[in-house]
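Next comes my_file.txt, a file with compact mmCIF, C-alpha atoms.
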```
# COMPACT_ATOMS: atom_id res chain seq x y z
CA MET A 2 8.62 6.16 -76.26
CA SER A 3 8.31 7.88 -72.88
CA LEU A 4 5.66 10.52 -72.34
CA PHE A 5 8.28 12.48 -70.41
CA ASP A 6 11.23 14.51 -71.61
CA THR A 7 13.75 12.58 -69.53
CA ARG A 8 16.52 14.98 -70.55
CA VAL A 9 15.00 17.45 -68.08
CA PRO A 10 15.72 16.57 -64.44
CA ALA A 11 13.60 17.57 -61.45
CA VAL A 12 14.72 19.33 -58.27
CA VAL A 13 12.59 18.63 -55.18
CA LEU A 14 13.05 21.41 -52.62
CA ARG A 15 12.16 21.40 -48.93
CA THR A 16 13.49 23.44 -45.99
CA ASP A 17 11.63 21.96 -43.01
CA ARG A 18 13.51 19.33 -41.03
CA ASN A 19 10.78 16.71 -40.68
CA PRO A 20 12.52 13.42 -41.64
CA PHE A 21 9.12 11.72 -42.06
CA HIS A 22 7.78 13.97 -44.82
CA HIS A 23 6.34 11.26 -47.05
CA GLY A 24 5.37 13.75 -49.75
CA THR A 25 9.05 14.17 -50.62
CA LEU A 26 9.38 10.43 -51.18
CA GLY A 27 6.19 10.49 -53.25
CA ALA A 28 7.68 13.13 -55.57
CA VAL A 29 10.96 11.22 -55.88
CA ARG A 30 9.18 7.98 -56.76
CA SER A 31 6.60 9.52 -59.08
CA LEU A 32 9.15 11.22 -61.31
CA GLY A 33 11.86 8.60 -60.88
CA ARG A 34 9.55 5.86 -62.10
CA ALA A 35 8.95 7.95 -65.23
CA GLY A 36 12.68 7.94 -65.97
CA VAL A 37 13.35 11.49 -64.74
CA ASP A 38 16.54 12.20 -62.77
CA VAL A 39 15.40 13.48 -59.37
CA HIS A 40 17.61 15.74 -57.25
CA VAL A 41 16.54 16.49 -53.67
CA VAL A 42 17.51 19.67 -51.84
CA ALA A 43 16.46 18.82 -48.28
CA ASP A 44 17.83 17.51 -45.03
CA CYS A 45 17.45 13.75 -45.50
CA ALA A 46 19.75 12.74 -42.65
CA GLY A 47 17.85 10.10 -40.72
CA SER A 48 15.06 10.06 -43.30
CA PRO A 49 13.84 7.03 -45.27
CA VAL A 50 13.76 9.28 -48.36
CA GLY A 51 17.52 8.98 -48.73
CA ALA A 52 17.23 5.21 -49.24
CA SER A 53 15.03 5.42 -52.35
CA ARG A 54 16.41 3.81 -55.50
CA TYR A 55 14.79 6.61 -57.51
CA LEU A 56 16.85 9.35 -55.88
CA SER A 57 19.55 10.60 -58.26
CA ALA A 58 21.36 13.03 -55.95
CA LEU A 59 21.11 14.80 -52.61
CA HIS A 60 22.14 18.44 -52.22
CA THR A 61 22.80 20.43 -49.06
CA PRO A 62 19.65 22.38 -48.17
CA PRO A 63 19.40 25.96 -46.91
CA PRO A 64 19.79 26.30 -43.12
CA PRO A 65 16.68 26.16 -40.92
CA GLY A 66 14.77 29.42 -41.06
CA ALA A 67 16.56 30.50 -44.23
CA SER A 68 15.29 33.67 -45.88
CA PRO A 69 13.95 33.61 -49.44
CA ALA A 70 17.21 35.20 -50.59
CA GLU A 71 19.25 32.44 -48.93
CA ILE A 72 17.07 29.77 -50.52
CA ALA A 73 17.62 31.38 -53.93
CA VAL A 74 21.40 31.31 -53.38
CA VAL A 75 21.29 27.57 -52.67
CA LEU A 76 19.14 26.95 -55.74
CA ARG A 77 21.57 28.82 -57.98
CA ARG A 78 24.38 26.67 -56.60
CA VAL A 79 22.41 23.48 -57.30
CA ALA A 80 21.59 24.69 -60.81
CA ALA A 81 25.29 25.22 -61.52
CA ARG A 82 26.02 21.63 -60.49
CA ILE A 83 23.23 20.15 -62.60
CA ALA A 84 24.20 22.38 -65.56
CA ARG A 85 20.92 22.00 -67.46
CA PRO A 86 17.41 23.38 -66.97
CA ALA A 87 15.36 21.48 -64.41
CA VAL A 88 11.74 21.42 -63.22
CA LEU A 89 11.60 22.82 -59.68
CA VAL A 90 9.16 21.24 -57.19
CA PRO A 91 8.84 23.18 -53.89
CA MET A 92 7.38 20.90 -51.22
CA ASP A 93 6.64 23.38 -48.43
CA ASP A 94 5.16 26.87 -48.19
CA ALA A 95 8.45 28.57 -47.30
CA CYS A 96 10.02 27.23 -50.48
CA ALA A 97 6.99 28.09 -52.62
CA VAL A 98 7.13 31.67 -51.33
CA ALA A 99 10.90 31.92 -51.88
CA VAL A 100 10.61 30.59 -55.43
CA GLY A 101 7.79 33.02 -56.15
CA ARG A 102 9.91 35.95 -55.02
CA ALA A 103 12.99 34.87 -56.98
CA ARG A 104 11.18 33.62 -60.07
CA ALA A 105 12.87 36.05 -62.49
CA GLU A 106 16.40 35.14 -61.41
CA LEU A 107 15.70 31.41 -61.17
CA ALA A 108 13.80 31.06 -64.44
CA PRO A 109 16.84 30.64 -66.73
CA ALA A 110 17.98 27.58 -64.75
CA PHE A 111 14.62 26.23 -63.58
CA LEU A 112 11.34 25.62 -65.37
CA LEU A 113 8.54 27.25 -63.38
CA PRO A 114 4.81 27.89 -63.85
CA ASP A 115 3.93 31.35 -65.14
CA GLN A 116 2.58 32.47 -61.79
CA PRO A 117 1.38 36.05 -61.14
CA ASP A 118 3.94 37.92 -59.03
CA GLY A 119 3.39 37.52 -55.31
CA LEU A 120 0.38 35.23 -55.65
CA ALA A 121 1.92 32.18 -53.95
CA GLU A 122 2.90 34.33 -50.98
CA ARG A 123 -0.53 35.94 -50.85
CA VAL A 124 -2.51 32.69 -50.68
CA ALA A 125 -0.08 30.96 -48.32
CA ASP A 126 -0.43 33.79 -45.79
CA LYS A 127 -3.48 32.88 -43.64
CA ALA A 128 -4.48 36.50 -43.03
CA GLU A 129 -4.13 37.41 -46.69
CA LEU A 130 -6.17 34.36 -47.67
CA ALA A 131 -9.07 35.65 -45.57
CA GLY A 132 -8.96 38.85 -47.61
CA VAL A 133 -8.77 36.92 -50.88
CA CYS A 134 -11.86 34.92 -49.96
CA ALA A 135 -13.74 38.07 -48.97
CA SER A 136 -12.89 39.78 -52.26
CA LEU A 137 -14.00 36.75 -54.29
CA GLY A 138 -17.10 36.03 -52.21
CA LEU A 139 -15.78 32.59 -51.24
CA PRO A 140 -17.02 31.02 -47.99
CA HIS A 141 -14.37 31.39 -45.29
CA PRO A 142 -14.64 31.33 -41.48
CA GLU A 143 -15.12 34.81 -40.02
CA THR A 144 -11.63 36.11 -39.31
CA VAL A 145 -10.22 38.97 -37.22
CA VAL A 146 -6.60 40.20 -37.33
CA PRO A 147 -6.21 42.05 -33.99
CA ASP A 148 -3.73 44.88 -33.52
CA GLY A 149 -3.34 44.48 -29.77
CA ALA A 150 -3.77 42.02 -26.92
CA ALA A 151 -6.92 43.71 -25.67
CA GLN A 152 -8.46 43.63 -29.13
CA ALA A 153 -7.54 39.95 -29.43
CA ALA A 154 -9.38 39.23 -26.18
CA ARG A 155 -12.46 41.17 -27.31
CA ALA A 156 -12.42 39.47 -30.73
CA ALA A 157 -12.33 36.04 -29.09
CA TRP A 158 -15.49 36.89 -27.14
CA ARG A 159 -17.22 38.30 -30.20
CA LEU A 160 -16.40 35.35 -32.45
CA GLY A 161 -17.64 32.93 -29.80
CA LEU A 162 -15.34 30.70 -27.76
CA PRO A 163 -13.60 28.49 -28.53
CA VAL A 164 -11.88 30.20 -31.46
CA VAL A 165 -9.11 29.10 -33.79
CA ALA A 166 -5.89 31.13 -33.52
CA LYS A 167 -3.39 31.03 -36.39
CA TRP A 168 -0.10 32.64 -37.19
CA SER A 169 -0.48 34.10 -40.64
CA ARG A 170 2.88 32.76 -41.89
CA PRO A 171 3.34 29.45 -40.09
CA TRP A 172 6.61 28.68 -41.85
CA LEU A 173 8.21 31.50 -39.80
CA VAL A 174 7.31 29.97 -36.42
CA PRO A 175 10.65 28.98 -34.82
CA PRO A 176 11.07 25.37 -33.71
CA GLY A 177 11.53 24.50 -30.08
CA GLY A 178 9.75 27.54 -28.63
CA GLY A 179 6.43 25.92 -27.85
CA LEU A 180 4.52 27.93 -30.44
CA ARG A 181 2.33 26.09 -32.90
CA SER A 182 0.99 27.30 -36.20
CA THR A 183 -2.67 26.78 -35.25
CA VAL A 184 -4.30 26.33 -31.85
CA LEU A 185 -7.78 26.24 -30.38
CA VAL A 186 -8.09 28.89 -27.65
CA ARG A 187 -10.84 28.63 -25.05
CA SER A 188 -10.65 31.95 -23.22
CA ALA A 189 -10.27 35.63 -24.02
CA ARG A 190 -7.23 35.85 -21.74
CA GLU A 191 -5.55 33.05 -23.67
CA ALA A 192 -6.11 34.94 -26.94
CA GLY A 193 -4.55 38.09 -25.49
CA GLU A 194 -1.54 36.19 -24.14
CA LEU A 195 -1.00 34.54 -27.50
CA TYR A 196 -1.01 37.93 -29.23
CA GLU A 197 1.89 39.02 -27.00
CA ARG A 198 4.06 36.36 -28.68
CA ALA A 199 3.62 37.75 -32.21
CA ALA A 200 7.22 38.99 -32.41
CA GLU A 201 8.44 35.52 -31.48
CA ALA A 202 6.17 33.89 -34.07
CA GLY A 203 7.39 36.18 -36.85
CA SER A 204 3.97 37.04 -38.30
CA ARG A 205 0.50 38.32 -37.43
CA LEU A 206 -1.98 36.51 -35.22
CA LEU A 207 -5.45 35.96 -36.59
CA LEU A 208 -8.53 34.67 -34.80
CA GLN A 209 -11.08 32.64 -36.68
CA ALA A 210 -14.57 31.37 -35.94
CA PHE A 211 -14.48 27.67 -35.15
CA LEU A 212 -16.38 25.39 -37.52
CA PRO A 213 -17.23 22.23 -35.55
CA PRO A 214 -16.11 18.91 -37.04
CA GLY A 215 -18.49 16.18 -38.06
CA PRO A 216 -18.98 13.28 -40.44
CA ASP A 217 -18.20 14.07 -44.07
CA ARG A 218 -17.13 17.65 -43.34
CA ASP A 219 -13.35 17.66 -43.92
CA TRP A 220 -12.27 17.72 -47.56
CA PHE A 221 -9.18 18.57 -49.56
CA PHE A 222 -8.54 19.20 -53.23
CA HIS A 223 -5.28 18.64 -55.09
CA GLY A 224 -4.78 19.84 -58.63
CA TYR A 225 -2.45 21.29 -61.23
CA ALA A 226 -3.38 24.47 -63.10
CA ASP A 227 -1.69 24.23 -66.50
CA ARG A 228 -0.46 27.02 -68.79
CA SER A 229 -4.02 27.72 -69.95
CA GLY A 230 -5.39 27.79 -66.40
CA THR A 231 -7.21 24.46 -66.76
CA VAL A 232 -7.14 22.35 -63.61
CA ARG A 233 -5.64 18.98 -64.47
CA ALA A 234 -4.81 15.85 -62.47
CA GLY A 235 -5.77 15.61 -58.81
CA GLY A 236 -9.30 15.71 -57.46
CA PRO A 237 -11.36 16.00 -54.26
CA GLY A 238 -10.61 13.75 -51.31
CA ARG A 239 -11.78 13.08 -47.79
CA LYS A 240 -9.65 12.73 -44.69
CA THR A 241 -10.84 9.54 -43.00
CA ARG A 242 -8.10 9.36 -40.35
CA ALA A 243 -5.92 12.18 -39.08
CA ARG A 244 -2.90 12.45 -36.87
CA PRO A 245 -3.39 13.79 -34.22
CA ARG A 246 -6.87 12.30 -34.10
CA GLY A 247 -9.52 14.79 -35.21
CA ALA A 248 -6.96 17.27 -36.55
CA GLY A 249 -3.65 17.58 -38.32
CA LEU A 250 -2.23 15.73 -41.27
CA THR A 251 -3.94 13.02 -43.30
CA ALA A 252 -3.11 9.55 -42.02
CA VAL A 253 -5.70 7.87 -44.26
CA GLY A 254 -7.33 9.64 -47.18
CA ARG A 255 -9.76 8.54 -49.85
CA TRP A 256 -10.53 9.87 -53.33
CA ALA A 257 -14.21 10.81 -53.33
CA PRO A 258 -16.29 12.61 -55.98
CA ASN A 259 -17.52 16.03 -54.83
CA PRO A 260 -18.69 18.38 -57.61
CA ALA A 261 -19.14 21.27 -55.17
CA VAL A 262 -15.55 21.12 -53.92
CA ARG A 263 -14.20 20.77 -57.47
CA ALA A 264 -16.25 23.75 -58.64
CA LEU A 265 -14.91 25.90 -55.79
CA ALA A 266 -11.33 24.89 -56.56
CA GLU A 267 -11.70 25.65 -60.26
CA ARG A 268 -13.35 28.96 -59.48
CA VAL A 269 -10.57 30.20 -57.19
CA VAL A 270 -7.90 29.13 -59.71
CA ALA A 271 -9.67 30.97 -62.53
CA GLU A 272 -10.35 34.17 -60.59
CA LEU A 273 -6.81 34.43 -59.22
CA GLY A 274 -5.05 33.38 -62.42
CA TYR A 275 -3.18 30.75 -60.41
CA ARG A 276 -0.73 28.44 -62.21
CA GLY A 277 1.00 25.36 -60.83
CA VAL A 278 0.33 22.74 -58.17
CA LEU A 279 -2.19 23.51 -55.42
CA ASP A 280 -3.47 21.84 -52.25
CA LEU A 281 -6.68 23.25 -50.78
CA ASP A 282 -8.41 22.40 -47.49
CA PHE A 283 -12.16 22.79 -47.03
CA ARG A 284 -14.61 22.31 -44.19
CA ARG A 285 -18.36 22.04 -44.69
CA CYS A 286 -20.43 24.08 -42.27
CA GLY A 287 -22.94 21.87 -40.49
CA THR A 288 -25.48 24.70 -40.34
CA THR A 289 -25.38 26.14 -43.86
CA GLY A 290 -23.89 23.21 -45.78
CA ARG A 291 -21.43 25.59 -47.48
CA TYR A 292 -17.80 24.54 -48.02
CA HIS A 293 -15.39 27.01 -46.43
CA LEU A 294 -11.86 27.36 -47.83
CA LEU A 295 -9.52 27.02 -44.84
CA ASP A 296 -6.07 26.78 -46.43
CA PHE A 297 -4.47 27.34 -49.83
CA ASN A 298 -1.09 25.65 -50.09
CA PRO A 299 0.75 26.66 -53.30
CA ARG A 300 2.62 23.34 -53.62
CA PRO A 301 1.94 19.59 -53.55
CA GLY A 302 0.25 18.21 -50.44
CA ALA A 303 2.02 15.32 -48.73
CA GLN A 304 -0.71 12.88 -49.81
CA PHE A 305 -0.74 13.97 -53.49
CA ARG A 306 -0.12 10.40 -54.65
CA LEU A 307 -3.69 9.58 -53.61
CA PHE A 308 -4.76 11.19 -56.88
CA ALA A 309 -2.92 9.00 -59.39
CA ASP A 310 -5.46 8.35 -62.15
CA THR A 311 -5.79 5.42 -64.57
CA ALA A 312 -3.07 6.95 -66.80
CA GLY A 313 -0.70 7.26 -63.83
CA LEU A 314 -0.97 11.05 -63.84
CA ASP A 315 -0.58 12.95 -60.56
CA VAL A 316 0.03 16.66 -59.91
CA VAL A 317 3.83 16.36 -59.85
CA ARG A 318 3.90 14.47 -63.14
CA ALA A 319 1.48 17.01 -64.60
CA LEU A 320 3.88 19.80 -63.58
CA HIS A 321 6.83 18.15 -65.34
CA LEU A 322 4.89 17.29 -68.49
CA ASP A 323 3.34 20.75 -68.82
CA LEU A 324 6.57 22.68 -68.22
CA THR A 325 8.42 20.55 -70.77
CA HIS A 326 5.60 21.10 -73.31
CA ARG A 327 4.55 17.46 -73.34
CA PRO A 328 0.87 16.45 -73.61
CA LEU A 329 -0.83 15.27 -70.45
CA PRO A 330 -2.41 11.81 -70.81
CA GLN A 331 -6.17 11.60 -70.43
CA GLY A 332 -6.80 9.23 -67.55
CA ALA A 333 -9.98 8.55 -65.60
CA PRO A 334 -10.48 9.28 -61.88
CA ARG A 335 -10.24 6.37 -59.44
CA PRO A 336 -12.91 7.08 -56.81
CA GLY A 337 -12.44 5.04 -53.68
CA ARG A 338 -8.65 4.93 -54.05
CA ALA A 339 -6.98 5.15 -50.62
CA PHE A 340 -3.69 6.54 -49.35
CA VAL A 341 -2.29 5.35 -46.02
CA VAL A 342 0.66 6.71 -44.03
CA GLU A 343 1.89 3.62 -42.21
CA ASN A 344 3.63 5.22 -39.22
CA TYR A 345 0.52 7.29 -38.43
CA ALA A 346 -2.09 4.60 -39.20
CA PRO A 347 -0.36 1.21 -38.82
CA LEU A 348 -3.57 -0.79 -38.37
CA SER A 349 -5.05 0.68 -41.56
CA ALA A 350 -1.86 -0.23 -43.41
CA LEU A 351 -2.03 -3.83 -42.21
CA ARG A 352 -5.61 -4.36 -43.35
CA PRO A 353 -5.95 -5.90 -46.84
CA ALA A 354 -6.82 -3.39 -49.54
CA ARG A 355 -10.42 -3.68 -50.75
CA GLU A 356 -10.81 -4.82 -54.32
CA GLY A 357 -12.59 -2.71 -56.90
CA ARG A 358 -12.32 0.59 -55.00
CA GLY A 359 -9.60 2.34 -56.97
CA GLY A 360 -6.69 0.63 -55.24
CA ARG A 361 -4.51 1.72 -52.35
CA GLU A 362 -1.06 3.25 -52.02
CA LEU A 363 1.15 3.25 -48.95
CA ALA A 364 3.29 6.29 -48.24
CA TRP A 365 6.52 4.42 -47.45
CA HIS A 366 6.30 0.80 -48.59
CA ALA A 367 6.47 -0.05 -52.29
CA ARG A 368 7.33 -3.29 -54.05
CA ASP A 369 9.64 -1.58 -56.52
CA ASP A 370 11.37 0.55 -53.85
CA ARG A 371 11.62 -1.45 -50.63
CA ALA A 372 14.49 0.29 -48.83
CA PRO A 373 12.52 3.34 -47.56
CA GLY A 374 9.86 1.08 -46.06
CA ARG A 375 12.49 -1.01 -44.29
CA ALA A 376 14.23 2.10 -43.01
CA LEU A 377 11.02 3.65 -41.74
CA TRP A 378 10.36 1.39 -38.79
CA ALA A 379 13.83 1.52 -37.25
CA LEU A 380 13.87 5.31 -37.58
CA TRP A 381 10.28 5.71 -36.37
CA GLY A 382 10.88 3.49 -33.34
CA ALA A 383 13.91 5.56 -32.33
CA HIS A 384 11.95 8.75 -32.93
CA VAL A 385 8.98 7.71 -30.78
CA GLY A 386 11.29 6.48 -28.03
CA SER A 387 13.11 9.81 -27.98
CA ARG A 388 9.82 11.73 -27.81
CA LEU A 389 8.56 9.62 -24.91
CA ARG A 390 11.82 10.10 -22.98
CA ASP A 391 11.60 13.86 -23.53
CA ARG A 392 8.04 13.91 -22.23
CA VAL A 393 8.94 11.94 -19.13
CA HIS A 394 11.89 14.26 -18.49
CA ARG A 395 9.78 17.40 -18.92
CA GLY A 396 7.09 15.97 -16.64
CA ARG A 397 9.62 15.37 -13.87
CA ALA A 398 11.29 18.76 -14.31
CA ARG A 399 8.10 20.87 -14.45
CA PRO A 400 6.78 21.95 -11.03
CA ASP A 401 3.07 21.89 -10.34
CA THR A 402 2.25 25.60 -10.71
CA GLY A 403 -1.50 25.21 -10.99
CA VAL A 404 -1.41 27.01 -14.35
CA PRO A 405 -3.72 25.36 -16.91
CA PRO A 406 -2.05 23.76 -19.94
CA ARG A 407 -1.56 25.80 -23.10
CA ALA A 408 -3.85 25.64 -26.07
CA ARG A 409 -3.43 22.58 -28.21
CA VAL A 410 -2.72 22.20 -31.87
CA VAL A 411 -5.70 21.98 -34.22
CA ARG A 412 -6.58 22.58 -37.86
CA GLN A 413 -10.23 23.66 -37.63
CA ALA A 414 -11.11 20.56 -35.65
CA ALA A 415 -11.67 19.42 -32.12
CA ALA A 416 -8.73 19.59 -29.76
CA PRO A 417 -6.72 16.42 -30.43
CA ALA A 418 -6.28 13.55 -28.06
CA ALA A 419 -3.04 11.60 -27.86
CA ASP A 420 -2.85 8.70 -30.25
CA ARG A 421 -1.51 5.27 -29.47
CA THR A 422 2.12 6.36 -29.84
CA GLY A 423 1.60 9.02 -27.18
CA VAL A 424 3.48 11.61 -29.22
CA CYS A 425 0.79 13.83 -30.71
CA ASP A 426 0.80 17.62 -30.53
CA ARG A 427 4.30 18.02 -31.98
CA PRO A 428 5.45 21.53 -32.90
CA ASP A 429 8.00 20.37 -35.51
CA GLU A 430 5.47 18.28 -37.44
CA ASP A 431 2.97 21.11 -37.30
CA ARG A 432 5.51 23.45 -38.89
CA ALA A 433 6.20 20.98 -41.66
CA GLY A 434 2.69 21.35 -42.95
CA ALA A 435 2.44 17.85 -44.21
CA ARG A 436 -1.16 17.08 -44.95
```

Could I get this structure in the form of structure tokens?
Amino acid sequence: MSLFDTRVPAVVLRTDRNPFHHGTLGAVRSLGRAGVDVHVVADCAGSPVGASRYLSALHTPPPPGASPAEIAVVLRRVAARIARPAVLVPMDDACAVAVGRARAELAPAFLLPDQPDGLAERVADKAELAGVCASLGLPHPETVVPDGAAQAARAAWRLGLPVVAKWSRPWLVPPGGGLRSTVLVRSAREAGELYERAAEAGSRLLLQAFLPPGPDRDWFFHGYADRSGTVRAGGPGRKTRARPRGAGLTAVGRWAPNPAVRALAERVVAELGYRGVLDLDFRRCGTTGRYHLLDFNPRPGAQFRLFADTAGLDVVRALHLDLTHRPLPQGAPRPGRAFVVENYAPLSALRPAREGRGGRELAWHARDDRAPGRALWALWGAHVGSRLRDRVHRGRARPDTGVPPRARVVRQAAAPAADRTGVCDRPDEDRAGAR
């Protein structure tokens, strides 16, 4: 007999247009392998996700930049087609915020965690998160939310250059405009100029003290807070390779015990009354040794499959089991287990997995679901070729003005260098928030 109530389907929701969001495929496979019908509401045109044998149906997603109300309209339409209650799995911050706002009207058709009103939106907002950490006494980089360009310039000097600049609601940053959710700024003038683009970005600018990177400093924690508030599934992990190098999303991650990170995660969940899936990012300060909470994502992280324990439980499976009132199996952690995203770390993917270290999972290739892996390389090759052609074209069209280049994308790390594909620093991938 299955642990899962397979009468209850799942709806995986995503609004960003990144065709290489491997977390979506992870959710489809995780629940599909358990016998659950998985519906995806996302733009999967040109994405390997659409080739998965575990995908039950694709539904037309909301348009790019859709408001929470528009996302709710699409979800009600999908619910009418499915015609039975379903577990809803938002895969990006915009969707998590929209679902949080519309929880009362969606609840009859979708099974959702009993989340305090407005909490998902509060923790996803980078400026609000700084306030949350201050109120709870949690370590967080010193943060200033300026109310003018001059104040932004002064704050940059006071915090100590370089500083990290973030838009508080990165999911509102429009694609194609050159803005990025997070950048490292190296001058006061640059901070003031960035503030002037707040209306274009759609949310407040905040400036944050830069915590230098270093060995063993970047950590993340994935978990599921059940109906009682107990953190189940997931665990602490370490980013061993990132894309772009030194910053950005996890290209290679490893499950690593860290009682301090776990204790911080459990504390913030308990004090906020958070329920549901969470993905937290931490950086350890090299001076004090304290772990600073950098980001709180109220949804699964793209690499959530790293934390599949000996019972096969991950955060998405925990969500489905808990919301359908099924017991969660008691598995053991698998320290040393690795997760590799092949298109971002191809050499790591080609190396043989080490025995006795918890195993390894690839983001795209799977023996029981080969089509997405086959589709990946043709699509990725075309994608990289298009990016390189665009760069060459822009380089030829741009006159030499003598103006220094703009700040570069960073997530509390050193400014990234181009990787071997030559296509780092991409605004659309930064908006997707895949980590």

### Query
Taking into account all atoms listed in the file, which residue in the set A:Ala372, A:Ala226, A:Ala70, A:Leu59 is nearest to Leu279 (chain A)?
A:Ala226

### Task
May I ask for the distance between CA of Asp126 (chain A) and CA of Ala257 (chain A), given in Å to one decimal place?
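Between these atoms lies a distance of 27.8 Å.
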
Could you give me, as a Markdown table, every region 25-70 of chain A residue with an atom at most 9 Å from region 380-385 of chain A, plus its closest atom pair and distance in Å to one decimal, counting only C-alpha atoms, rows ordered by chain then number?
```
| residue | atom | partner | partner_atom | distance |
| --- | --- | --- | --- | --- |
| A:Gly47 | CA | A:Leu380 | CA | 7.0 |
| A:Ser48 | CA | A:Leu380 | CA | 7.5 |
| A:Pro49 | CA | A:Leu380 | CA | 7.9 |
```

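Put simply, CA of Gly161 (chain A) is 14.3 Å away from CA of Leu207 (chain A).
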
### Task
For region 154-158 of chain A, list every protein, DNA or RNA residue within 8 Å, evaluated using all atoms listed in the file, and leave out those in the same chain fewer than 5 positions away; present the list as a list in words.
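Skipping anything fewer than 5 positions along the chain leaves Val145, Pro147, Pro163, Val164, Ser188, Ala189, Arg190, Glu191, Ala192, Gly193 and Leu208 of chain A.
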